[in-house]
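**Q** Let me give you the structure first, and then I'll get to my questions.
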Amino acid sequence: MADSYASLDAHYIALDRLLIRRSGNLGLIPGATDRRGGKRSYAEWAHVVGIFQTLMYLHLESHENNDILDVGCGTGLLGIASEPFLGRIGRYVGMDVMRDEIDFCRAHYPRPKFEFIHFDMANPEYTPDQRAEHVEWPWQADRFDLVTALSVWTHLNEADAYFYLRETARVLRPGGKAIITFFVLDDQYYATLPQRNADPGRYHRMPRNLWIFDRPAYDSQDWMTTPTASVPESAIGVTQAGMDRLIADAGLCLAHYYSGNWKERPGVYFQDVLILSKP
């Protein structure tokens, strides 16, 4: 079935691009075999691009000529969402620990608006053999108007989460924003916990019990993982107290919080989306 879908998808995309009239950036959506990051459906890619393009419009101070850093860019989903806000002189920089994702992006997205960098960092879920120590990102302070991260901090242990949110704050310009997704273990999470069982949830087709964060990630009190995780970094949730400390430690402020539909309630996106600002 997967091979049939990819074959049909190639024909569909070629025809669909001829029909795009008002959302030209959707022409950058890659083919089925290169749509990764937990979302393979063309419709879901287009939908998520629209969600985050709207969030960028709502929270960016300027709607043109922005410099945007996308942490954990994968095969470029948020790059597509960012494209309308780059203007004539803005730049999008995608960074990922997966070298093959970066190789694909360099071949697929047009320069000079799009730039992609492989970041040599170990992650037990994705890149266990890469460099284990914390390393600063290769940009000077106050460099970017926006930092985005889609399903990145949901795979970071406590020490990594602290270090790289500090890096986020460092490279943001004063007044800049960060759009980052999390699994936040807040009151709504606990309120819907009794509903979780092995049946598909209303808002997603994966078993609800995948999203029960009841085991400490290593020796943390606030970073939790699930019973099905092969390593803690497979899925990380953070308690509300842990989230508050994480944001304060980085010197950022919570500007807006969009609860995700993984909690069996309507949400802007599947994961929780936090809009952080740098004073």
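To be explicit about the labels: the chains of the structure tokens are called A, B, and onward in the order shown, and within each one the residues are counted from 1, while ligands get numbers from 1 in the order they are shown.
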As a VMD selection string, list the residues of region 36-224 of chain A assigned to strand (DSSP E or B) by DSSP on the backbone atoms of this structure.

**A** chain A and resid 67 to 71 91 to 96 114 to 118 123 127 144 to 149 172 to 182 184 to 185 200 207 215 to 216 223 to 224

**Q** Excluding Phe114 (chain A) and its own-chain neighbours fewer than 2 positions away, which residues fall within 9 Å of it when counting only C-alpha atoms? Please give them as number ranges by chain.

**A** A: 79, 83, 91-94, 105-106, 109-112, 116

**Q** Next, write the just-selected residues to a file, as a short mmCIF file (atom, residue, chain, number, x, y, z; two decimals), in the first residue's frame, keeping C-alpha atoms as the atom set.

**A**
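part10.cif, written as the output of this step:
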```
data_model
loop_
_atom_site.label_atom_id
_atom_site.label_comp_id
_atom_site.auth_asym_id
_atom_site.auth_seq_id
_atom_site.Cartn_x
_atom_site.Cartn_y
_atom_site.Cartn_z
CA GLY A 79 10.27 26.12 6.27
CA GLU A 83 8.38 31.27 3.41
CA ARG A 91 16.39 34.12 5.61
CA TYR A 92 15.18 30.76 6.89
CA VAL A 93 17.79 28.50 8.52
CA GLY A 94 16.84 24.89 9.19
CA CYS A 105 16.47 19.91 2.24
CA ARG A 106 19.59 21.32 0.59
CA TYR A 109 14.53 24.15 -1.16
CA PRO A 110 15.78 27.19 -3.09
CA ARG A 111 18.80 29.20 -2.03
CA PRO A 112 19.58 31.81 -0.83
CA PHE A 116 20.27 24.08 6.13
#
```

**Q** Please tabulate, as a tab-separated table, the residues of region 111-180 of chain A that come within 10 Å of region 55-67 of chain A, each with its closest pair of atoms and the distance in Å to one decimal, counting only C-alpha atoms and ordering rows by chain, then residue number upward.

**A**
```
residue	atom	partner	partner_atom	distance
A:Lys113	CA	A:Asp67	CA	9.6
A:Arg143	CA	A:Asp67	CA	7.7
A:Phe144	CA	A:Asp67	CA	5.1
A:Asp145	CA	A:Asp67	CA	5.4
A:Leu146	CA	A:Asp67	CA	6.7
A:Val147	CA	A:Asp67	CA	8.8
A:Thr148	CA	A:Met56	CA	9.5
A:Leu172	CA	A:Asp67	CA	9.8
A:Arg173	CA	A:Asp67	CA	10.0
A:Gly175	CA	A:Glu61	CA	8.0
A:Gly176	CA	A:Leu60	CA	7.7
A:Lys177	CA	A:Leu60	CA	6.9
A:Ala178	CA	A:His59	CA	9.2
A:Ile179	CA	A:Met56	CA	8.1
```

**Q** Would you put the residues from that selection into a file with N, CA and C atoms, as a compact mmCIF listing (two decimals), in the first residue's frame?

**A**
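The result, stored in part-v2.txt:
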```txt
# COMPACT_ATOMS: atom_id res chain seq x y z
N LYS A 113 17.27 31.95 0.02
CA LYS A 113 16.30 32.14 1.10
C LYS A 113 16.37 31.03 2.14
N ARG A 143 20.38 37.13 16.93
CA ARG A 143 20.48 36.94 15.48
C ARG A 143 19.12 36.80 14.79
N PHE A 144 18.13 36.17 15.46
CA PHE A 144 16.91 35.78 14.77
C PHE A 144 15.67 36.48 15.33
N ASP A 145 14.72 36.73 14.43
CA ASP A 145 13.42 37.29 14.83
C ASP A 145 12.51 36.21 15.39
N LEU A 146 12.69 34.98 14.92
CA LEU A 146 11.82 33.88 15.33
C LEU A 146 12.62 32.59 15.38
N VAL A 147 12.39 31.80 16.42
CA VAL A 147 12.90 30.43 16.50
C VAL A 147 11.70 29.49 16.57
N THR A 148 11.69 28.48 15.73
CA THR A 148 10.61 27.50 15.77
C THR A 148 11.18 26.12 16.10
N LEU A 172 17.83 34.72 19.95
CA LEU A 172 16.70 35.58 19.64
C LEU A 172 17.05 37.05 19.84
N ARG A 173 16.56 37.88 18.96
CA ARG A 173 16.67 39.32 19.16
C ARG A 173 15.71 39.76 20.26
N GLY A 175 12.66 41.17 21.86
CA GLY A 175 11.33 41.26 21.25
C GLY A 175 11.01 40.09 20.34
N GLY A 176 11.99 39.22 20.08
CA GLY A 176 11.77 38.08 19.22
C GLY A 176 10.91 37.02 19.89
N LYS A 177 10.39 36.11 19.07
CA LYS A 177 9.48 35.08 19.56
C LYS A 177 10.05 33.69 19.27
N ALA A 178 9.63 32.73 20.08
CA ALA A 178 9.89 31.32 19.83
C ALA A 178 8.56 30.59 19.82
N ILE A 179 8.35 29.75 18.81
CA ILE A 179 7.15 28.92 18.72
C ILE A 179 7.62 27.48 18.89
```

**Q** Write down as a ChimeraX atom specification the residues of region 11-71 of chain A whose backbone DSSP state falls under helix (DSSP H, G or I).

**A** /A:11-19,24-28,32-34,42-59

**Q** Region 239-245 of chain A: which residues within 12 Å, counting only C-alpha atoms, same-chain residues fewer than 3 positions away excluded, as an NGL selection string?

**A** :A and (153 or 157-159 or 161-162 or 165 or 181-190 or 213-217 or 220-225 or 236 or 248-254 or 257 or 272 or 274 or 276)

**Q** Please report as CSV every residue of region 82-160 of chain A lying within 8 Å of region 71-74 of chain A, along with the nearest atom pair and their distance in Å (one decimal), using only C-alpha atoms.

**A**
```
residue,atom,partner,partner_atom,distance
A:Gly94,CA,A:Cys73,CA,5.1
A:Met95,CA,A:Val71,CA,5.2
A:Asp96,CA,A:Gly72,CA,4.4
A:Val97,CA,A:Gly72,CA,7.0
A:Met98,CA,A:Gly74,CA,7.5
A:Glu101,CA,A:Gly74,CA,5.6
A:Ile102,CA,A:Gly74,CA,7.4
A:Val147,CA,A:Val71,CA,7.2
A:Thr148,CA,A:Val71,CA,6.1
A:Ala149,CA,A:Val71,CA,4.9
A:Leu150,CA,A:Gly72,CA,7.0
A:Ser151,CA,A:Gly72,CA,7.9
A:Val152,CA,A:Gly72,CA,6.1
```

**Q** Keeping only N, CA and C atoms, write those residues as an mmCIF file, in the first residue's frame.

**A**
```cif
data_model
loop_
_atom_site.group_PDB
_atom_site.id
_atom_site.type_symbol
_atom_site.label_atom_id
_atom_site.label_comp_id
_atom_site.auth_asym_id
_atom_site.auth_seq_id
_atom_site.Cartn_x
_atom_site.Cartn_y
_atom_site.Cartn_z
ATOM 1 N N GLY A 94 17.302 26.134 8.582
ATOM 2 C CA GLY A 94 16.839 24.890 9.189
ATOM 3 C C GLY A 94 18.014 24.108 9.748
ATOM 4 N N MET A 95 17.848 23.558 10.936
ATOM 5 C CA MET A 95 18.916 22.803 11.595
ATOM 6 C C MET A 95 18.335 21.479 12.074
ATOM 7 N N ASP A 96 19.085 20.393 11.876
ATOM 8 C CA ASP A 96 18.600 19.092 12.321
ATOM 9 C C ASP A 96 19.778 18.192 12.646
ATOM 10 N N VAL A 97 19.532 17.232 13.558
ATOM 11 C CA VAL A 97 20.573 16.266 13.911
ATOM 12 C C VAL A 97 20.643 15.129 12.894
ATOM 13 N N MET A 98 19.629 15.010 12.042
ATOM 14 C CA MET A 98 19.577 13.932 11.058
ATOM 15 C C MET A 98 20.214 14.401 9.757
ATOM 16 N N GLU A 101 18.171 14.190 6.469
ATOM 17 C CA GLU A 101 17.127 15.211 6.327
ATOM 18 C C GLU A 101 17.732 16.505 5.772
ATOM 19 N N ILE A 102 18.903 16.864 6.273
ATOM 20 C CA ILE A 102 19.574 18.073 5.799
ATOM 21 C C ILE A 102 19.980 17.927 4.339
ATOM 22 N N VAL A 147 12.388 31.796 16.423
ATOM 23 C CA VAL A 147 12.904 30.431 16.498
ATOM 24 C C VAL A 147 11.701 29.494 16.573
ATOM 25 N N THR A 148 11.690 28.478 15.735
ATOM 26 C CA THR A 148 10.611 27.499 15.772
ATOM 27 C C THR A 148 11.178 26.119 16.098
ATOM 28 N N ALA A 149 10.342 25.273 16.691
ATOM 29 C CA ALA A 149 10.749 23.895 16.989
ATOM 30 C C ALA A 149 9.483 23.055 17.091
ATOM 31 N N LEU A 150 9.255 22.229 16.092
ATOM 32 C CA LEU A 150 8.077 21.366 16.051
ATOM 33 C C LEU A 150 8.469 19.957 16.485
ATOM 34 N N SER A 151 7.958 19.529 17.638
ATOM 35 C CA SER A 151 8.230 18.199 18.198
ATOM 36 C C SER A 151 9.729 17.954 18.374
ATOM 37 N N VAL A 152 10.401 18.909 19.013
ATOM 38 C CA VAL A 152 11.822 18.778 19.355
ATOM 39 C C VAL A 152 11.972 18.614 20.865
#
```

**Q** Tell me which of A:Gln140, A:Ser277, A:Thr75, A:Gln195 sits closest to Pro30 (chain A), counting only C-alpha atoms.

**A**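 Closest to Pro30 (chain A) of all the choices is A:Thr75.
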
**Q** Identify which of the residues A:Val48, A:Ala43, A:Ala141, A:Leu193 lies closest to Lys263 (chain A), counting only C-alpha atoms when measuring atom-to-atom distances.

**A** A:Leu193

**Q** Using Å and a single decimal, report how far CA of Thr33 (chain A) sits from CA of Pro124 (chain A).

**A** 23.9 Å

**Q** Which is closest to Glu115 (chain A) among A:Asp219, A:Glu44, A:Glu133, A:Asp70, if we use only C-alpha atoms?

**A**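 Between A:Asp219, A:Glu44, A:Glu133, A:Asp70, the residue approaching Glu115 (chain A) most closely is A:Asp70.
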
**Q** By how many Å are CA of Ala122 (chain A) and CA of Gly37 (chain A) apart?

**A** 17.6 Å
